[in-house]
>>> print(open('upload10.csv').read())   # CSV, C-alpha atoms
chain,number,residue,atom,x,y,z
A,265,MET,CA,0.0,0.0,0.0
A,266,ARG,CA,1.0,3.6,-0.5
A,267,GLN,CA,2.4,5.1,2.7
A,268,ASN,CA,2.7,8.5,1.2
A,269,SER,CA,0.0,9.8,-1.1
A,270,ILE,CA,1.1,13.5,-0.9
A,271,ILE,CA,3.0,14.8,-3.9
A,272,PRO,CA,5.2,17.8,-2.9
A,273,PRO,CA,5.1,20.9,-5.2
A,274,VAL,CA,6.6,20.0,-8.6
A,275,LYS,CA,9.9,21.7,-9.3
A,276,SER,CA,10.1,23.4,-12.7
A,277,SER,CA,13.8,23.6,-13.4
A,278,PRO,CA,15.3,22.3,-15.6
A,279,PHE,CA,12.0,20.6,-16.4
A,280,PRO,CA,9.1,19.6,-14.2
A,281,HIS,CA,10.1,16.9,-11.7
A,282,VAL,CA,9.3,15.8,-8.2
A,283,VAL,CA,10.4,13.2,-5.6
A,284,VAL,CA,7.9,11.5,-3.3
A,285,GLU,CA,9.7,10.0,-0.4
A,286,ASP,CA,8.7,6.9,1.7
A,287,PHE,CA,6.3,6.0,-1.1
A,288,LEU,CA,5.4,2.4,0.0
A,289,ASP,CA,4.7,1.0,3.5
A,290,GLU,CA,7.3,-1.4,4.9
A,291,ASP,CA,5.3,-4.6,4.3
A,292,THR,CA,4.6,-3.8,0.7
A,293,LEU,CA,8.2,-2.8,0.2
A,294,ASP,CA,9.5,-6.1,1.5
A,295,LEU,CA,7.1,-8.1,-0.7
A,296,VAL,CA,8.0,-6.0,-3.8
A,297,ILE,CA,11.7,-6.4,-3.2
A,298,ASP,CA,11.3,-10.2,-2.7
A,299,ALA,CA,9.2,-10.4,-5.9
A,300,LEU,CA,11.8,-8.5,-7.9
A,301,ALA,CA,14.6,-10.6,-6.5
A,302,GLY,CA,12.8,-13.7,-8.0
A,303,LEU,CA,12.6,-12.3,-11.5
A,304,GLU,CA,15.0,-13.0,-14.3
A,305,TYR,CA,17.0,-10.2,-15.7
A,306,SER,CA,18.7,-10.1,-19.0
A,307,PHE,CA,21.7,-7.9,-19.8
A,308,SER,CA,21.0,-5.2,-22.3
A,309,GLU,CA,23.7,-3.1,-23.9
A,310,SER,CA,23.8,-0.5,-26.7
A,311,ASP,CA,25.6,2.7,-27.5
A,312,LEU,CA,23.1,4.5,-25.2
A,313,PHE,CA,22.9,2.1,-22.2
A,314,SER,CA,24.2,-0.8,-20.2
A,315,TYR,CA,22.0,-2.5,-17.6
A,316,TRP,CA,20.0,-5.6,-16.6
A,317,ALA,CA,16.3,-5.5,-17.4
A,318,SER,CA,13.4,-7.6,-16.4
A,319,VAL,CA,10.5,-8.5,-18.7
A,320,LYS,CA,7.7,-6.0,-18.8
A,321,LEU,CA,5.9,-6.3,-15.5
A,322,THR,CA,2.6,-4.8,-16.6
A,323,ASP,CA,0.8,-8.1,-17.1
A,324,ILE,CA,2.6,-10.5,-14.7
A,325,ASP,CA,0.2,-11.9,-12.1
A,326,HIS,CA,2.0,-11.8,-8.8
A,327,PRO,CA,0.5,-10.7,-5.5
A,328,ALA,CA,3.1,-8.1,-4.7
A,329,LEU,CA,3.3,-6.8,-8.2
A,330,ASN,CA,-0.5,-6.5,-8.4
A,331,VAL,CA,-0.5,-4.4,-5.3
A,332,LEU,CA,2.4,-2.3,-6.7
A,333,ARG,CA,0.6,-1.7,-10.0
A,334,LYS,CA,-2.4,-0.5,-8.0
A,335,ASP,CA,-0.3,1.8,-5.8
A,336,LEU,CA,1.3,3.3,-8.9
A,337,GLY,CA,-1.5,3.1,-11.3
A,338,ASP,CA,-4.9,3.4,-9.7
A,339,LYS,CA,-7.2,6.2,-10.7
A,340,ILE,CA,-6.8,8.2,-7.5
A,341,TRP,CA,-3.0,8.2,-7.7
A,342,ARG,CA,-3.1,8.9,-11.5
A,343,ASP,CA,-5.3,11.9,-10.9
A,344,GLU,CA,-2.9,13.1,-8.1
A,345,VAL,CA,0.0,12.8,-10.5
A,346,ALA,CA,-1.9,14.6,-13.3
A,347,ASN,CA,-2.9,17.4,-11.0
A,348,ALA,CA,0.6,17.8,-9.6
A,349,PHE,CA,2.1,18.2,-13.1
A,350,LYS,CA,-1.0,20.0,-14.5
A,351,VAL,CA,-1.3,17.6,-17.4
A,352,SER,CA,-4.4,16.0,-18.9
A,353,LYS,CA,-5.7,12.7,-17.6
A,354,LEU,CA,-3.3,9.8,-17.4
A,355,SER,CA,-4.6,6.5,-18.5
A,356,LYS,CA,-2.3,3.5,-18.1
A,357,ILE,CA,1.2,2.8,-16.8
A,358,ASP,CA,3.9,0.4,-17.9
A,359,MET,CA,6.5,-1.0,-15.7
A,360,ALA,CA,9.8,-2.9,-15.7
A,361,ALA,CA,12.6,-3.5,-13.2
A,362,TYR,CA,16.2,-2.5,-14.0
A,363,VAL,CA,19.4,-3.4,-12.2
A,364,TYR,CA,22.5,-1.3,-12.8
A,365,GLY,CA,25.8,-2.9,-11.6
A,366,LEU,CA,29.4,-1.9,-11.8
A,367,GLY,CA,30.1,0.1,-15.0
A,368,ASP,CA,26.5,0.3,-16.1
A,369,PHE,CA,25.0,3.6,-17.3
A,370,LEU,CA,22.3,5.3,-19.2
A,371,LEU,CA,23.4,8.2,-21.3
A,372,PRO,CA,21.4,11.4,-21.8
A,373,HIS,CA,18.1,11.0,-23.6
A,374,ASP,CA,14.7,12.7,-23.4
A,375,ASP,CA,12.4,9.7,-23.1
A,376,GLN,CA,10.1,11.0,-25.8
A,377,VAL,CA,8.0,8.3,-27.3
A,378,GLU,CA,4.4,8.7,-28.4
A,379,ASP,CA,1.9,8.8,-25.5
A,380,ARG,CA,4.4,9.0,-22.7
A,381,VAL,CA,3.5,11.9,-20.4
A,382,ILE,CA,5.2,11.3,-17.0
A,383,ALA,CA,8.2,9.1,-16.4
A,384,TYR,CA,8.6,7.5,-13.0
A,385,SER,CA,11.2,5.4,-11.1
A,386,LEU,CA,10.8,3.8,-7.7
A,387,HIS,CA,14.2,3.4,-6.1
A,388,LEU,CA,14.7,0.2,-4.2
A,389,THR,CA,18.4,0.2,-3.2
A,390,PRO,CA,19.1,1.0,0.4
A,391,ASP,CA,22.1,3.2,1.3
A,392,LEU,CA,23.1,4.3,-2.2
A,393,GLU,CA,25.6,7.1,-1.8
A,394,GLU,CA,26.9,9.7,-4.3
A,395,GLU,CA,30.3,7.9,-4.5
A,396,ASP,CA,28.4,4.8,-5.8
A,397,GLY,CA,27.3,6.6,-9.0
A,398,GLY,CA,23.8,5.8,-10.3
A,399,SER,CA,22.4,9.3,-9.7
A,400,LEU,CA,19.6,10.6,-11.8
A,401,ASP,CA,21.1,13.6,-13.6
A,402,LEU,CA,19.0,16.3,-15.1
A,403,PHE,CA,20.3,18.5,-17.8
A,404,GLU,CA,19.4,21.9,-19.2
A,405,ASP,CA,20.1,22.3,-22.9
A,406,ASP,CA,20.4,25.5,-24.9
A,407,LYS,CA,19.5,26.0,-28.6
A,408,ASP,CA,23.0,24.9,-29.7
A,409,GLY,CA,22.5,21.5,-28.2
A,410,LYS,CA,25.1,22.2,-25.5
A,411,SER,CA,24.0,20.9,-22.1
A,412,LYS,CA,24.7,21.6,-18.5
A,413,LEU,CA,24.1,19.1,-15.7
A,414,VAL,CA,22.0,21.2,-13.3
A,415,LYS,CA,20.6,18.7,-10.9
A,416,ARG,CA,21.9,15.4,-9.5
A,417,VAL,CA,19.3,13.3,-7.7
A,418,ILE,CA,20.8,10.6,-5.5
A,419,PRO,CA,18.2,7.9,-5.4
A,420,LYS,CA,16.8,7.5,-1.9
A,421,PHE,CA,15.5,4.1,-0.9
A,422,ASN,CA,11.7,3.9,-1.3
A,423,SER,CA,11.5,7.3,-3.1
A,424,LEU,CA,9.4,7.8,-6.3
A,425,ASN,CA,11.0,10.1,-8.8
A,426,MET,CA,8.8,11.5,-11.5
A,427,PHE,CA,9.3,14.0,-14.3
A,428,GLU,CA,7.3,15.3,-17.3
A,429,VAL,CA,8.5,13.9,-20.6
A,430,SER,CA,9.1,16.6,-23.2
A,431,ALA,CA,11.7,17.7,-25.8
A,432,THR,CA,13.7,19.2,-23.0
A,433,SER,CA,13.6,16.4,-20.4
A,434,TRP,CA,17.2,15.4,-20.9
A,435,HIS,CA,18.4,13.0,-18.2
A,436,GLN,CA,20.8,10.2,-17.6
A,437,VAL,CA,21.7,7.6,-15.0
A,438,SER,CA,25.4,8.1,-14.1
A,439,GLU,CA,27.8,5.3,-14.3
A,440,ILE,CA,27.9,2.9,-11.3
A,441,LEU,CA,31.3,3.1,-9.8
A,442,THR,CA,31.2,0.5,-7.0
A,443,ASP,CA,29.8,-3.0,-6.6
A,444,ILE,CA,26.4,-1.8,-5.4
A,445,GLN,CA,23.4,-2.9,-7.4
A,446,ARG,CA,21.0,-0.1,-8.2
A,447,LEU,CA,17.5,-1.5,-8.4
A,448,THR,CA,14.6,0.5,-9.8
A,449,LEU,CA,11.1,0.0,-11.0
A,450,THR,CA,10.7,2.3,-13.9
A,451,GLY,CA,8.0,3.2,-16.4
A,452,TRP,CA,5.7,5.8,-17.8
A,453,TYR,CA,2.2,7.2,-17.3
A,454,HIS,CA,0.6,7.4,-20.7
A,455,VAL,CA,-2.1,9.7,-22.2
B,117,MET,CA,55.1,13.0,-44.2
B,118,SER,CA,54.1,9.6,-42.7
B,119,GLU,CA,55.0,6.4,-44.5
B,120,ILE,CA,52.9,3.3,-45.0
B,121,ASN,CA,54.5,0.0,-43.7
B,122,PHE,CA,56.0,-1.5,-46.9
B,123,TYR,CA,54.3,-4.8,-46.1
B,124,TYR,CA,50.9,-3.3,-46.8
B,125,LEU,CA,52.0,-2.1,-50.2
B,126,GLU,CA,53.1,-5.5,-51.6
B,127,LYS,CA,50.9,-7.0,-54.2
B,128,PRO,CA,50.0,-10.3,-52.4
B,129,THR,CA,49.1,-8.3,-49.3
B,130,LEU,CA,46.9,-5.9,-51.2
B,131,SER,CA,45.2,-8.8,-53.0
B,132,ASN,CA,44.5,-10.5,-49.6
B,133,LEU,CA,43.1,-7.2,-48.1
B,134,ASN,CA,40.7,-7.0,-51.0
B,135,ARG,CA,39.5,-10.5,-50.4
B,136,ILE,CA,39.1,-10.0,-46.6
B,137,PHE,CA,37.4,-6.6,-47.1
B,138,GLU,CA,34.8,-8.1,-49.4
B,139,SER,CA,34.2,-11.2,-47.3
B,140,ALA,CA,33.2,-9.5,-44.0
B,141,GLU,CA,29.5,-8.9,-43.2
B,142,ILE,CA,30.3,-5.3,-42.8
B,143,PRO,CA,33.3,-4.7,-45.1
B,144,PHE,CA,36.1,-4.1,-42.8
B,145,ILE,CA,39.9,-4.4,-42.5
B,146,ARG,CA,42.1,-3.8,-39.4
B,147,LEU,CA,45.8,-3.2,-40.0
B,148,SER,CA,48.1,-3.0,-37.1
B,149,LYS,CA,51.4,-1.1,-37.3
B,150,PHE,CA,50.1,0.5,-40.4
B,151,LEU,CA,52.7,3.2,-40.6
B,152,SER,CA,56.5,2.6,-40.6
B,153,LYS,CA,57.0,6.4,-40.0
B,154,GLU,CA,54.3,8.2,-38.1
B,155,ASP,CA,54.6,11.9,-38.7
B,156,SER,CA,51.9,13.1,-36.3
B,157,ASN,CA,51.3,16.4,-34.7
B,158,MET,CA,50.0,15.5,-31.2
B,159,GLU,CA,50.1,19.2,-30.2
B,160,VAL,CA,47.0,19.8,-32.4
B,161,LYS,CA,44.5,21.7,-30.3
B,162,LEU,CA,41.1,19.9,-30.0
B,163,LYS,CA,38.1,21.8,-28.9
B,164,ARG,CA,35.0,20.6,-27.0
B,165,ASP,CA,32.2,19.3,-29.2
B,166,GLU,CA,28.9,18.6,-27.4
B,167,LYS,CA,25.4,18.0,-28.6
B,168,ILE,CA,23.3,16.4,-25.9
B,169,GLY,CA,21.9,13.0,-26.9
B,170,PHE,CA,24.4,12.8,-29.8
B,171,TYR,CA,28.0,13.2,-28.7
B,172,LYS,CA,30.4,14.6,-26.1
B,173,ARG,CA,34.0,14.7,-27.2
B,174,ASN,CA,36.9,16.9,-28.5
B,175,ILE,CA,37.5,17.5,-32.2
B,176,GLY,CA,40.1,19.4,-34.2
B,177,GLN,CA,42.5,19.0,-37.1
B,178,ALA,CA,43.7,15.5,-38.0
B,179,HIS,CA,46.9,14.6,-36.2
B,180,LEU,CA,48.4,13.2,-39.4
B,181,GLY,CA,47.4,16.3,-41.4
B,182,ASP,CA,47.7,16.0,-45.2
B,183,PHE,CA,48.7,12.4,-45.2
B,184,TRP,CA,45.1,11.5,-45.6
B,185,LYS,CA,44.9,13.3,-48.9
B,186,SER,CA,48.3,12.0,-50.1
B,187,LYS,CA,48.7,10.1,-53.3
B,188,ASP,CA,50.4,7.3,-51.4
B,189,PHE,CA,47.4,6.8,-49.1
B,190,LEU,CA,44.8,7.2,-51.9
B,191,ASP,CA,46.7,4.6,-54.0
B,192,PHE,CA,46.8,2.2,-51.1
B,193,LEU,CA,43.0,2.7,-50.5
B,194,LYS,CA,42.2,1.9,-54.1
B,195,LYS,CA,44.3,-1.2,-54.2
B,196,GLY,CA,43.5,-2.4,-50.8
B,197,THR,CA,39.7,-2.0,-50.9
B,198,GLY,CA,39.0,-1.9,-54.7
B,199,LEU,CA,36.8,1.2,-54.0
B,200,ASN,CA,36.9,4.4,-56.0
B,201,CYS,CA,37.1,6.9,-53.1
B,202,GLN,CA,37.0,10.6,-52.9
B,203,PHE,CA,38.3,12.4,-49.8
B,204,ARG,CA,35.6,14.2,-47.9
B,205,SER,CA,36.9,15.2,-44.5
B,206,SER,CA,39.4,14.4,-41.8
B,207,GLU,CA,39.5,15.3,-38.1
B,208,GLY,CA,41.2,14.4,-34.9
B,209,GLN,CA,38.9,13.2,-32.1
B,210,SER,CA,39.5,12.4,-28.5
B,211,TYR,CA,37.2,11.0,-25.8
B,212,GLY,CA,38.0,11.3,-22.1
B,213,PRO,CA,36.2,9.8,-19.1
B,214,GLY,CA,32.4,10.3,-19.6
B,215,ASP,CA,32.6,11.1,-23.3
B,216,TYR,CA,30.7,9.2,-26.0
B,217,SER,CA,29.1,9.4,-29.4
B,218,LEU,CA,25.8,7.7,-30.3
B,219,LEU,CA,25.0,5.8,-33.5
B,220,HIS,CA,22.1,8.1,-34.6
B,221,SER,CA,24.6,10.9,-34.9
B,222,GLU,CA,25.2,9.5,-38.4
B,223,GLU,CA,21.6,9.4,-39.6
B,224,PHE,CA,21.3,10.9,-43.0
B,225,GLU,CA,24.8,9.8,-44.1
B,226,GLY,CA,25.2,8.1,-47.5
B,227,LYS,CA,27.7,5.5,-48.8
B,228,ARG,CA,31.1,6.1,-47.3
B,229,LEU,CA,34.4,4.6,-46.3
B,230,VAL,CA,35.3,5.4,-42.7
B,231,VAL,CA,39.0,5.4,-41.9
B,232,VAL,CA,40.2,5.4,-38.3
B,233,TYR,CA,43.8,5.6,-37.3
B,234,ASP,CA,44.3,5.0,-33.6
B,235,PHE,CA,46.7,6.9,-31.3
B,236,THR,CA,45.2,5.5,-28.0
B,237,LYS,CA,47.8,4.3,-25.6
B,238,LYS,CA,47.6,2.2,-22.5
B,239,TRP,CA,44.0,1.2,-22.9
B,240,ASP,CA,42.0,-1.2,-20.8
B,241,ILE,CA,39.1,-2.8,-22.6
B,242,GLU,CA,36.9,-2.4,-19.5
B,243,TRP,CA,37.0,1.4,-20.0
B,244,GLY,CA,34.8,1.1,-23.1
B,245,GLY,CA,35.8,3.7,-25.8
B,246,HIS,CA,35.7,1.1,-28.6
B,247,ASP,CA,34.2,1.9,-32.0
B,248,ILE,CA,30.9,0.3,-32.9
B,249,TYR,CA,29.7,-0.1,-36.5
B,250,THR,CA,26.1,-1.3,-37.2
B,251,SER,CA,24.2,-2.3,-40.3
B,252,PRO,CA,20.6,-3.4,-40.4
B,253,ASP,CA,20.1,-7.2,-39.9
B,254,LYS,CA,23.9,-7.7,-39.4
B,255,ASP,CA,25.8,-8.3,-36.2
B,256,PRO,CA,27.5,-5.1,-35.0
B,257,LEU,CA,31.2,-4.8,-35.5
B,258,ILE,CA,33.2,-3.9,-32.4
B,259,CYS,CA,36.7,-2.5,-32.8
B,260,ASN,CA,38.9,-2.2,-29.7
B,261,ARG,CA,41.5,0.5,-29.3
B,262,ASP,CA,45.0,-0.2,-30.4
B,263,ALA,CA,47.6,2.5,-31.1
B,264,GLY,CA,49.1,2.4,-34.6
B,265,THR,CA,46.2,0.4,-36.1
B,266,LEU,CA,44.3,1.6,-39.1
B,267,MET,CA,40.7,0.5,-39.5
B,268,LEU,CA,38.8,0.7,-42.8
B,269,THR,CA,35.0,0.2,-42.8
B,270,ARG,CA,32.6,0.6,-45.7
B,271,LEU,CA,29.2,1.8,-44.7
B,272,ASN,CA,26.0,2.3,-46.6
B,273,GLU,CA,23.1,4.6,-46.1
B,274,GLY,CA,21.4,3.4,-42.9
B,275,ASP,CA,24.7,2.1,-41.4
B,276,TYR,CA,26.1,3.9,-38.4
B,277,SER,CA,29.3,4.2,-36.4
B,278,CYS,CA,30.0,5.6,-32.9
B,279,THR,CA,32.6,5.6,-30.1
B,280,ARG,CA,31.2,3.9,-27.1
B,281,TYR,CA,30.9,5.7,-23.7
B,282,VAL,CA,34.3,6.0,-21.9
B,283,SER,CA,34.2,4.9,-18.3
B,284,LEU,CA,34.7,7.6,-15.6
B,285,LYS,CA,37.3,5.1,-14.2
B,286,SER,CA,39.4,5.4,-17.4
B,287,GLU,CA,43.0,6.5,-16.7
B,288,SER,CA,43.7,7.4,-20.3
B,289,ILE,CA,41.9,9.0,-23.3
B,290,VAL,CA,40.8,7.7,-26.6
B,291,LYS,CA,42.5,9.5,-29.4
B,292,PHE,CA,42.3,8.9,-33.2
B,293,ASP,CA,42.0,10.5,-36.6
B,294,LYS,CA,38.8,9.9,-38.4
B,295,VAL,CA,38.7,10.3,-42.2
B,296,ILE,CA,35.6,10.0,-44.4
B,297,PHE,CA,35.8,9.2,-48.1
B,298,ASP,CA,32.8,9.3,-50.4
B,299,ILE,CA,32.5,6.2,-52.5
B,300,LYS,CA,31.9,6.9,-56.2
>>> encode(input="upload10.csv", output="structure tokens")
Amino acid sequence: MRQNSIIPPVKSSPFPHVVVEDFLDEDTLDLVIDALAGLEYSFSESDLFSYWASVKLTDIDHPALNVLRKDLGDKIWRDEVANAFKVSKLSKIDMAAYVYGLGDFLLPHDDQVEDRVIAYSLHLTPDLEEEDGGSLDLFEDDKDGKSKLVKRVIPKFNSLNMFEVSATSWHQVSEILTDIQRLTLTGWYHV
Amino acid sequence: MSEINFYYLEKPTLSNLNRIFESAEIPFIRLSKFLSKEDSNMEVKLKRDEKIGFYKRNIGQAHLGDFWKSKDFLDFLKKGTGLNCQFRSSEGQSYGPGDYSLLHSEEFEGKRLVVVYDFTKKWDIEWGGHDIYTSPDKDPLICNRDAGTLMLTRLNEGDYSCTRYVSLKSESIVKFDKVIFDIK
């Protein structure tokens, strides 16, 4: 179950984003982490990224994942998210789990794919520190395509990060520099 | 002026190169110790070149200067690849920790021969920084760094190349000349 259903004011710079801390209650959190530990992950690598990804979790029937899908995707919460970002109604969500290990990364990209409105990631690694890498970095770009890293979000355990997907929502996951495993549940709210 | 290793100018070698070049899925040759005399200007000033979502690197003049337009090199290209090439551009590039280029930077490119001459020293494969070449429905070609090696790759429209992200743990930098020839 959601422990925290209050979304703080959305920050506008460099693009609309917000962090909801302590999102799940402890019991749900334990069940979700257990469920994710039992999944198979396949290594994916391209010029843009290097990480381990689960299959899409949208349709998997598992008690913990069913609860999680409800917590992240029920109408009450979708309306809260839409109101917080001042966007039109959000319909469905998709979801997959990602593990970043030593040397893994996701280079800057804007997430723009048809129908995606809000991107989210629920962070499930305890005690991740700045020295571990794996931060969510937000960039500001100018008209020449030059970019400046303006915000570094160190993923806090059980925090839900969300941002509005647009042509300026440039972000990356910085390289993992230690043997920590950065586990997130990530997906998008769609139109 | 730099000089090509005599071995690569001998008829049997050139004929072999032609055969190897044509037999690869993505036509490619990799020639180590390509130059017997390397007349490079490593003092060339490279400037920052960034476009978010495309590349982050340094670029400038080619370290081997006019060698890439020299008759010796053009003759070698013709005999070694069998292609009728026309020089388009040359530049020096370097990639430090955190730098990268992405494949889609080469969207809208036509048929071309990509020539890379590597100056990268003391490289650990775990730092990334290798070159990647892709062509639809073919396995990607991965070229690891190796100082003194020349790599020739023929790419068609819809084929791309890039330099893979360099780890923040890298203790050296990737450095090479990249030369593009249009294929007639």
>>> residues_around(input="upload10.csv", residues="Glu138 (chain B)", least_positions_apart="5", cutoff="8 Å", atoms="all atoms listed in the file", output="PDB file with C-alpha atoms, keeping the file's coordinate frame")
ATOM      1  CA  PRO B 143      33.300  -4.700 -45.100  1.00  0.00           C
ATOM      2  CA  PHE B 144      36.100  -4.100 -42.800  1.00  0.00           C
ATOM      3  CA  THR B 197      39.700  -2.000 -50.900  1.00  0.00           C
TER       4      THR B 197
END
>>> interface_residues(input="upload10.csv", of="chain A", to="chain B", cutoff="9 Å", atoms="all atoms listed in the file", output="number ranges by chain")
A: 310-313, 367, 369, 371-374, 403, 405, 408-411, 434, 439, 441
>>> closest_residue(input="upload10.csv", among="B:Cys201, B:Ile142, B:Leu133, B:Leu229", to="Ser251 (chain B)", atoms="only C-alpha atoms")
B:Ile142
>>> closest_residue(input="upload10.csv", among="B:Lys161, B:Ile241, B:Gly181, B:Phe297", to="Ile258 (chain B)", atoms="all atoms listed in the file")
B:Ile241
>>> residues_near_point(input="upload10.csv", point="(25.8, -5.8, -15.1)", cutoff="10 Å", atoms="all atoms listed in the file", output="JSON list (two decimals) with C-alpha atoms, in the frame of the given file")
[["chain", "number", "residue", "atom", "x", "y", "z"],
["A", 305, "TYR", "CA", 17.00, -10.20, -15.70],
["A", 306, "SER", "CA", 18.70, -10.10, -19.00],
["A", 307, "PHE", "CA", 21.70, -7.90, -19.80],
["A", 308, "SER", "CA", 21.00, -5.20, -22.30],
["A", 309, "GLU", "CA", 23.70, -3.10, -23.90],
["A", 314, "SER", "CA", 24.20, -0.80, -20.20],
["A", 315, "TYR", "CA", 22.00, -2.50, -17.60],
["A", 316, "TRP", "CA", 20.00, -5.60, -16.60],
["A", 317, "ALA", "CA", 16.30, -5.50, -17.40],
["A", 363, "VAL", "CA", 19.40, -3.40, -12.20],
["A", 364, "TYR", "CA", 22.50, -1.30, -12.80],
["A", 365, "GLY", "CA", 25.80, -2.90, -11.60],
["A", 366, "LEU", "CA", 29.40, -1.90, -11.80],
["A", 367, "GLY", "CA", 30.10, 0.10, -15.00],
["A", 368, "ASP", "CA", 26.50, 0.30, -16.10],
["A", 369, "PHE", "CA", 25.00, 3.60, -17.30],
["A", 440, "ILE", "CA", 27.90, 2.90, -11.30],
["A", 443, "ASP", "CA", 29.80, -3.00, -6.60],
["A", 445, "GLN", "CA", 23.40, -2.90, -7.40]]
>>> residues_around(input="upload10.csv", residues="region 289-295 of chain A", least_positions_apart="6", cutoff="9 Å", atoms="all atoms listed in the file", output="PyMOL selection string")
chain A and resi 265-268+327-329+331-332+388+422
>>> atom_distance(input="upload10.csv", atom1="CA of Glu154 (chain B)", atom2="CA of Thr269 (chain B)")
21.4 Å
>>> closest_residue(input="upload10.csv", among="A:His435, A:Ile271, A:Ser318, A:Ser399", to="Lys412 (chain A)", atoms="only C-alpha atoms")
A:His435
>>> residues_around(input="upload10.csv", residues="Ser148 (chain B)", least_positions_apart="3", cutoff="10 Å", atoms="only C-alpha atoms", output="count of residues only")
11
>>> atom_distance(input="upload10.csv", atom1="CA of Lys163 (chain B)", atom2="CA of Asp401 (chain A)")
24.3 Å
>>> atom_distance(input="upload10.csv", atom1="CA of Leu199 (chain B)", atom2="CA of Lys300 (chain B)")
7.8 Å
>>> closest_residue(input="upload10.csv", among="A:Lys420, A:Lys407, A:Lys275, A:Lys353", to="Trp341 (chain A)", atoms="all atoms listed in the file")
A:Lys353
>>> closest_residue(input="upload10.csv", among="B:Glu287, B:Glu141, B:Asp188, B:Glu159", to="Phe122 (chain B)", atoms="only C-alpha atoms")
B:Asp188
>>> closest_residue(input="upload10.csv", among="A:Leu303, A:Ser430, A:Arg446, A:Asn330", to="Glu378 (chain A)", atoms="all atoms listed in the file")
A:Ser430
>>> residues_around(input="upload10.csv", residues="Phe189 (chain B)", least_positions_apart="2", cutoff="12 Å", atoms="all atoms listed in the file", output="PyMOL selection string")
chain B and resi 117-121+124-125+150-151+180+182-187+191-197+201-203+231+266+295+297
>>> residues_around(input="upload10.csv", residues="Asn272 (chain B)", least_positions_apart="3", cutoff="9 Å", atoms="only C-alpha atoms", output="list in words")
Glu225, Gly226, Lys227, Arg228, Leu229, Ser251, Asp275 and Tyr276 of chain B
>>> axis_aligned_box(input="upload10.csv", around="region 300-303 of chain A", padding_each_side="6 Å", output="AutoDock Vina command-line options")
--center_x 13.2 --center_y -11.1 --center_z -9.0 --size_x 14.8 --size_y 17.2 --size_z 17.0
